file structure.cif (mmCIF, C-alpha atoms)
data_work
#
loop_
_atom_site.label_atom_id
_atom_site.label_comp_id
_atom_site.auth_asym_id
_atom_site.auth_seq_id
_atom_site.Cartn_x
_atom_site.Cartn_y
_atom_site.Cartn_z
CA MET A 281 16.41 -143.13 46.89
CA ALA A 282 14.88 -140.30 45.07
CA ARG A 283 16.67 -137.01 44.54
CA PRO A 284 15.18 -133.85 45.76
CA PRO A 285 14.20 -131.47 43.04
CA ALA A 286 16.77 -128.94 42.10
CA LYS A 287 16.35 -125.40 43.40
CA PRO A 288 15.73 -122.74 40.81
CA VAL A 289 18.68 -120.55 40.16
CA PRO A 290 17.89 -116.90 41.00
CA ALA A 291 18.11 -114.48 38.14
CA ALA A 292 21.17 -112.38 38.16
CA ILE A 293 20.64 -108.74 39.07
CA GLY A 294 22.16 -106.63 36.38
CA ALA A 295 22.28 -102.91 35.48
CA PRO A 296 19.01 -101.24 34.61
CA ALA A 297 18.09 -101.26 30.99
CA VAL A 298 19.00 -98.10 29.04
CA PRO A 299 16.39 -96.92 26.62
CA PRO A 300 17.62 -96.64 23.11
CA ARG A 301 18.87 -93.09 22.08
CA VAL A 302 16.80 -91.36 19.51
CA THR A 303 18.94 -89.58 16.97
CA ALA A 304 17.52 -86.34 15.38
CA PRO A 305 17.35 -86.42 11.64
CA PRO A 306 20.18 -84.55 10.02
CA GLN A 307 19.47 -80.82 9.30
CA PRO A 308 20.02 -79.69 5.75
CA ALA A 309 23.01 -77.44 5.26
CA PRO A 310 22.08 -73.66 5.27
CA GLN A 311 21.82 -72.23 1.81
CA PRO A 312 23.78 -69.01 1.11
CA ARG A 313 21.54 -65.79 1.19
CA PRO A 314 21.37 -64.05 -2.16
CA ALA A 315 23.00 -60.65 -2.31
CA ALA A 316 20.56 -57.68 -1.95
CA ALA A 317 19.81 -55.78 -5.12
CA PRO A 318 21.27 -52.26 -5.16
CA ILE A 319 18.82 -49.46 -4.28
CA ARG A 320 18.24 -47.14 -7.23
CA PRO A 321 17.08 -43.54 -6.92
CA LEU A 322 13.50 -42.84 -7.98
CA THR A 323 13.36 -41.26 -11.41
CA LEU A 324 10.21 -39.30 -12.20
CA PHE A 325 11.08 -38.41 -15.76
CA ALA A 326 13.64 -40.07 -17.86
CA GLU A 327 15.80 -37.54 -19.66
CA THR A 328 18.87 -37.51 -21.76
CA GLU A 329 21.98 -35.52 -20.97
CA PRO A 330 21.08 -32.68 -23.42
CA GLU A 331 17.62 -32.45 -21.87
CA LYS A 332 19.14 -32.31 -18.42
CA ALA A 333 21.49 -29.51 -19.43
CA SER A 334 18.59 -27.58 -20.94
CA ARG A 335 16.55 -28.01 -17.76
CA VAL A 336 19.42 -26.69 -15.65
CA ARG A 337 19.76 -23.62 -17.87
CA LEU A 338 16.03 -22.89 -17.63
CA ALA A 339 16.15 -23.23 -13.85
CA LYS A 340 19.04 -20.73 -13.68
CA TRP A 341 17.20 -18.23 -15.87
CA GLY A 342 14.10 -18.69 -13.73
CA LEU A 343 16.06 -17.80 -10.61
CA VAL A 344 17.50 -14.73 -12.35
CA ALA A 345 14.01 -13.60 -13.40
CA VAL A 346 12.68 -14.02 -9.88
CA ALA A 347 15.58 -11.98 -8.51
CA VAL A 348 15.05 -9.18 -11.05
CA ILE A 349 11.31 -9.02 -10.34
CA GLY A 350 12.01 -8.95 -6.62
CA VAL A 351 14.42 -6.04 -6.99
CA ALA A 352 11.93 -4.18 -9.21
CA ILE A 353 9.24 -4.56 -6.57
CA LEU A 354 11.56 -3.30 -3.86
CA VAL A 355 12.72 -0.23 -5.73
CA ARG A 356 9.56 0.71 -7.64
CA PRO A 357 8.62 4.38 -7.11
CA LYS A 358 5.70 5.30 -4.89
CA THR A 359 2.59 6.03 -6.93
CA GLU A 360 0.52 9.11 -6.52
CA GLU A 361 -2.33 7.04 -5.13
CA SER A 362 -0.17 6.12 -2.13
CA GLU A 363 0.50 9.77 -1.28
CA PRO A 364 -1.72 11.51 1.28
CA ARG A 365 -4.40 13.64 -0.31
CA THR A 366 -4.34 17.18 0.95
CA SER A 367 -4.94 19.87 -1.68
CA ILE A 368 -4.07 20.93 -5.21
CA SER A 369 -0.33 21.41 -5.73
CA PHE A 370 1.36 22.12 -9.08
CA GLY A 371 4.91 23.05 -8.15
CA GLY A 372 6.91 25.87 -9.78
CA GLY A 373 5.07 28.94 -11.08
CA TRP A 374 2.03 28.39 -8.87
CA SER A 375 1.14 30.09 -5.61
CA ARG A 376 -1.61 29.79 -3.05
CA ARG A 377 -3.33 32.74 -1.40
CA ALA A 378 -6.60 33.74 0.20
CA ILE A 379 -9.19 35.65 -1.80
CA SER A 380 -12.70 37.03 -1.32
CA PRO A 381 -15.09 35.90 -0.01
CA PRO A 382 -13.56 34.70 3.29
CA GLY A 383 -12.77 30.99 3.43
CA ARG A 384 -11.79 30.73 -0.24
CA GLN A 385 -8.27 30.20 -1.57
CA ILE A 386 -6.88 30.15 -5.08
CA ILE A 387 -3.96 28.26 -6.55
CA ALA A 388 -2.90 30.72 -9.24
CA TYR A 389 -0.46 30.38 -12.12
CA GLU A 390 1.57 33.53 -11.59
CA LEU A 391 3.02 33.63 -15.10
CA SER A 392 -0.48 34.22 -16.50
CA ARG A 393 -1.39 37.33 -14.50
CA ASP A 394 -0.65 39.75 -17.35
CA GLU A 395 -2.36 37.63 -20.00
CA SER A 396 -5.76 38.20 -21.58
CA ASN A 397 -6.47 35.45 -24.09
CA TYR A 398 -5.90 31.83 -23.16
CA ARG A 399 -7.41 28.36 -22.92
CA MET A 400 -7.55 26.07 -19.90
CA GLU A 401 -8.04 22.32 -20.37
CA PHE A 402 -8.15 19.67 -17.65
CA SER A 403 -9.99 16.57 -16.49
CA TRP A 404 -12.02 16.26 -13.33
CA ALA A 405 -12.86 12.99 -11.56
CA PRO A 406 -16.60 13.34 -10.76
CA SER A 407 -17.25 13.19 -7.03
CA ALA A 408 -18.98 15.03 -4.22
CA GLN A 409 -16.10 17.56 -4.48
CA PRO A 410 -16.96 20.12 -7.20
CA VAL A 411 -14.15 21.63 -9.21
CA GLY A 412 -13.83 25.43 -9.38
CA TRP A 413 -11.44 27.63 -11.35
CA VAL A 414 -10.73 31.33 -11.76
CA PHE A 415 -9.71 33.44 -14.75
CA ARG A 416 -8.97 37.09 -15.52
CA THR A 417 -7.83 37.41 -11.91
CA ARG A 418 -6.71 40.96 -11.19
CA ASP A 419 -6.32 40.60 -7.42
CA SER A 420 -7.93 38.86 -4.44
CA GLY A 421 -11.17 40.85 -4.77
CA ASN A 422 -11.58 40.98 -8.56
CA TYR A 423 -11.80 37.92 -10.75
CA TYR A 424 -14.12 35.66 -12.75
CA GLY A 425 -14.95 32.16 -11.56
CA ALA A 426 -16.63 28.98 -12.79
CA LYS A 427 -17.60 25.68 -11.19
CA LEU A 428 -18.67 22.18 -12.22
CA SER A 429 -20.52 19.83 -9.87
CA LEU A 430 -22.73 16.74 -9.94
CA VAL A 431 -26.46 17.35 -10.05
CA GLN A 432 -27.07 14.18 -8.04
CA PRO A 433 -24.40 12.83 -5.66
CA GLY A 434 -22.85 9.65 -7.02
CA ASP A 435 -24.40 10.10 -10.49
CA SER A 436 -22.08 11.51 -13.15
CA SER A 437 -24.66 11.39 -15.94
CA ALA A 438 -25.48 15.10 -15.42
CA VAL A 439 -23.42 18.06 -14.21
CA ALA A 440 -24.25 21.62 -13.20
CA VAL A 441 -22.20 24.35 -14.87
CA GLU A 442 -21.90 27.75 -13.13
CA HIS A 443 -20.04 30.99 -13.73
CA PHE A 444 -19.90 34.19 -11.67
CA SER A 445 -17.89 37.34 -10.99
CA VAL A 446 -16.26 38.80 -7.90
CA LEU A 447 -15.85 42.58 -8.17
CA GLY A 448 -14.69 44.75 -5.32
CA GLY A 449 -14.83 41.69 -3.04
CA ILE A 450 -18.57 41.15 -3.75
CA GLU A 451 -19.66 37.93 -5.45
CA THR A 452 -22.45 38.19 -8.03
CA PRO A 453 -25.26 35.61 -8.34
CA HIS A 454 -24.23 32.48 -10.24
CA SER A 455 -25.46 31.70 -13.73
CA ARG A 456 -26.28 27.95 -13.66
CA LYS A 457 -27.02 25.39 -16.36
CA VAL A 458 -27.50 21.63 -16.20
CA THR A 459 -25.75 19.53 -18.84
CA ALA A 460 -26.53 15.86 -19.44
CA LEU A 461 -23.65 13.57 -20.37
CA MET A 462 -24.00 10.61 -22.70
CA ARG A 463 -23.16 8.19 -19.88
CA SER A 464 -21.54 8.09 -16.50
CA GLU A 465 -17.91 9.04 -17.03
CA PRO A 466 -14.84 8.25 -14.90
CA ALA A 467 -13.38 11.61 -15.96
CA VAL A 468 -15.01 14.78 -17.30
CA ARG A 469 -12.98 16.84 -19.77
CA ILE A 470 -13.31 20.59 -19.29
CA ARG A 471 -12.15 23.38 -21.55
CA MET A 472 -12.41 27.11 -20.91
CA ASP A 473 -11.64 29.73 -23.60
CA ALA A 474 -11.14 33.40 -22.75
CA SER A 475 -10.82 35.56 -25.87
CA GLY A 476 -11.37 39.28 -25.43
CA PRO A 477 -14.77 39.79 -23.76
CA VAL A 478 -16.05 36.37 -24.91
CA PHE A 479 -15.93 33.26 -22.73
CA THR A 480 -16.85 29.75 -23.88
CA LEU A 481 -17.06 26.63 -21.71
CA TYR A 482 -16.84 23.10 -23.12
CA VAL A 483 -17.66 19.81 -21.40
CA GLN A 484 -16.59 16.53 -23.03
CA GLY A 485 -15.70 18.47 -26.18
CA SER A 486 -19.08 20.16 -26.62
CA PRO A 487 -19.83 23.84 -25.90
CA VAL A 488 -22.27 24.12 -22.98
CA ASP A 489 -22.12 27.84 -22.11
CA ASN A 490 -21.09 31.11 -23.71
CA TRP A 491 -21.18 34.68 -22.35
CA THR A 492 -19.52 38.07 -22.60
CA ASP A 493 -18.07 40.37 -19.94
CA GLN A 494 -15.78 43.36 -20.46
CA ARG A 495 -15.10 44.42 -16.87
CA LEU A 496 -11.84 42.51 -16.42
CA PRO A 497 -9.77 42.72 -19.63
CA LYS A 498 -6.78 40.73 -18.35
CA GLY A 499 -5.60 38.62 -15.44
CA GLY A 500 -4.32 35.20 -14.53
CA PHE A 501 -6.00 31.83 -14.07
CA GLY A 502 -5.95 29.05 -11.52
CA PHE A 503 -8.19 26.91 -9.32
CA TYR A 504 -10.02 27.70 -6.13
CA GLU A 505 -10.89 25.73 -3.02
CA GLU A 506 -13.36 26.44 -0.25
CA ARG A 507 -14.82 24.67 2.79
CA GLY A 508 -12.18 21.97 2.68
CA GLN A 509 -13.14 20.77 -0.80
CA GLN A 510 -10.37 18.82 -2.51
CA PRO A 511 -11.32 17.96 -6.11
CA VAL A 512 -9.22 15.51 -8.15
CA ILE A 513 -7.73 17.33 -11.16
CA GLN A 514 -5.76 15.61 -13.91
CA ALA A 515 -4.09 16.31 -17.26
CA LEU A 516 -3.87 20.10 -17.05
CA ARG A 517 -3.05 21.93 -20.28
CA PHE A 518 -3.14 25.66 -20.97
CA THR A 519 -2.62 27.68 -24.12
CA PHE A 520 -1.73 31.35 -24.50
CA PHE A 521 -3.17 32.28 -27.87
CA ASN A 522 -0.23 34.53 -28.70
CA GLN A 523 2.47 32.13 -27.44
CA GLY A 524 1.40 28.52 -27.85
CA ALA A 525 0.38 25.58 -25.70
CA PHE A 526 1.81 24.32 -22.43
CA SER A 527 1.03 21.09 -20.61
CA MET A 528 1.46 20.41 -16.92
CA SER A 529 0.59 17.54 -14.61
CA PRO A 530 -0.29 18.35 -11.00
CA THR A 531 2.36 17.01 -8.62
CA SER A 532 -0.49 16.03 -6.30
CA PRO A 533 -3.68 15.83 -8.38
CA ARG A 534 -6.26 16.53 -5.68
#
call {"tool": "encode", "arguments": {"input": "structure.cif", "output": "structure tokens"}}
result
Amino acid sequence: MARPPAKPVPAAIGAPAVPPRVTAPPQPAPQPRPAAAPIRPLTLFAETEPEKASRVRLAKWGLVAVAVIGVAILVRPKTEESEPRTSISFGGGWSRRAISPPGRQIIAYELSRDESNYRMEFSWAPSAQPVGWVFRTRDSGNYYGAKLSLVQPGDSSAVAVEHFSVLGGIETPHSRKVTALMRSEPAVRIRMDASGPVFTLYVQGSPVDNWTDQRLPKGGFGFYEERGQQPVIQALRFTFFNQGAFSMSPTSPR
């Protein structure tokens, strides 16, 4: 009798298959970080110790010089140009008073009122303000006068020279001459000599007028102003022929 075929044996049910574990490749060991280089200050100029000491000394002297200059600027005296311009003022020995004709004033040197023979020298800055002076001044109504002015405003290449008399309060007609200068000048030098009855006027060192007059044998000198005129006068010098020379600077050269 034939045997029946054998039944297949069922496969055993086991645990699910586990996929193989993937292992990461080994990481290299961290390398030590190099130490940072020290930070050095920026040097613009290399210098030795003696050079450095010299530079420090120069810097100190520079600071001292700046301080000295600063103090000098702070304490420097006020110049005449910064003062307000008002009128002629000469200080001691001078006086101001009204004279004839009305509206005119003189600034007279009182110590010259008994003198006869003298010389006046001064400089005038040419401008629209003529310069006038008096001499042989007996009183407010008796004196001689002279004046210098520009022929053309703003042009100092030619000046007009005048002289006149005031007697008994009445002013005589002016004698007038025009004098050409070599060139325009920043200052015009004027000299006036009174010697006995003879009078001589010089401009820039050259005689430009000469005349005689015996009516006033003695009297003082000074400057006159009228109608608000304020001439700039500098470097005044006067000489008494029997005593010697004297120099004086106006305290406010106007």
call {"tool": "closest_residue", "arguments": {"input": "structure.cif", "among": "A:Gly448, A:Pro511, A:Gly373, A:Gly500", "to": "Gly412 (chain A)", "atoms": "all atoms listed in the file"}}
result
A:Pro511
call {"tool": "atom_distance", "arguments": {"input": "structure.cif", "atom1": "CA of Ala440 (chain A)", "atom2": "CA of Ser464 (chain A)"}}
result
14.2 Å
call {"tool": "atom_distance", "arguments": {"input": "structure.cif", "atom1": "CA of Glu465 (chain A)", "atom2": "CA of Ala388 (chain A)"}}
result
27.5 Å
call {"tool": "resolve_selection", "arguments": {"input": "structure.cif", "expression": "the PyMOL selection byres ((chain A and resi 417-430) around 6)", "output": "ChimeraX atom specification"}}
result
/A:379-380,410-416,431-432,439-449,499-500
call {"tool": "atom_distance", "arguments": {"input": "structure.cif", "atom1": "CA of Val468 (chain A)", "atom2": "CA of Gln514 (chain A)"}}
result
9.9 Å
call {"tool": "residues_around", "arguments": {"input": "structure.cif", "residues": "Asp489 (chain A)", "least_positions_apart": "4", "cutoff": "10 Å", "atoms": "only C-alpha atoms", "output": "ChimeraX atom specification"}}
result
/A:441-443,455-457,459,472,479-483
call {"tool": "closest_residue", "arguments": {"input": "structure.cif", "among": "A:Ala405, A:Tyr389, A:Tyr398, A:Pro433", "to": "Gln510 (chain A)", "atoms": "only C-alpha atoms"}}
result
A:Ala405
call {"tool": "closest_residue", "arguments": {"input": "structure.cif", "among": "A:Gly372, A:Val512, A:Asp473, A:Gln523", "to": "Glu401 (chain A)", "atoms": "all atoms listed in the file"}}
result
A:Asp473
call {"tool": "closest_residue", "arguments": {"input": "structure.cif", "among": "A:Thr492, A:Gly383, A:Ala474, A:Leu516", "to": "Glu395 (chain A)", "atoms": "only C-alpha atoms"}}
result
A:Ala474
call {"tool": "closest_residue", "arguments": {"input": "structure.cif", "among": "A:Phe518, A:Gly434, A:Pro487, A:Glu451", "to": "Gly502 (chain A)", "atoms": "only C-alpha atoms"}}
result
A:Phe518
call {"tool": "closest_residue", "arguments": {"input": "structure.cif", "among": "A:Gln509, A:Asn522, A:Ser475, A:Gln385", "to": "Ser407 (chain A)", "atoms": "only C-alpha atoms"}}
result
A:Gln509
call {"tool": "decode", "arguments": {"input": "structure.cif", "residues": "region 467-483 of chain A", "atoms": "C-alpha atoms", "output": "compact mmCIF listing (two decimals), in the first residue's frame"}}
result
# COMPACT_ATOMS: atom_id res chain seq x y z
CA ALA A 467 52.44 161.28 4.53
CA VAL A 468 53.36 164.87 3.66
CA ARG A 469 56.16 166.47 5.68
CA ILE A 470 55.55 170.12 6.54
CA ARG A 471 57.95 172.64 8.00
CA MET A 472 57.19 176.23 8.95
CA ASP A 473 59.93 178.74 9.91
CA ALA A 474 59.13 182.05 11.60
CA SER A 475 62.20 184.26 11.93
CA GLY A 476 61.59 187.95 12.56
CA PRO A 477 59.25 189.25 9.83
CA VAL A 478 60.19 186.42 7.43
CA PHE A 479 58.13 183.24 7.06
CA THR A 480 59.13 180.22 4.97
CA LEU A 481 57.03 177.13 4.29
CA TYR A 482 58.53 173.80 3.21
CA VAL A 483 56.74 170.74 1.83
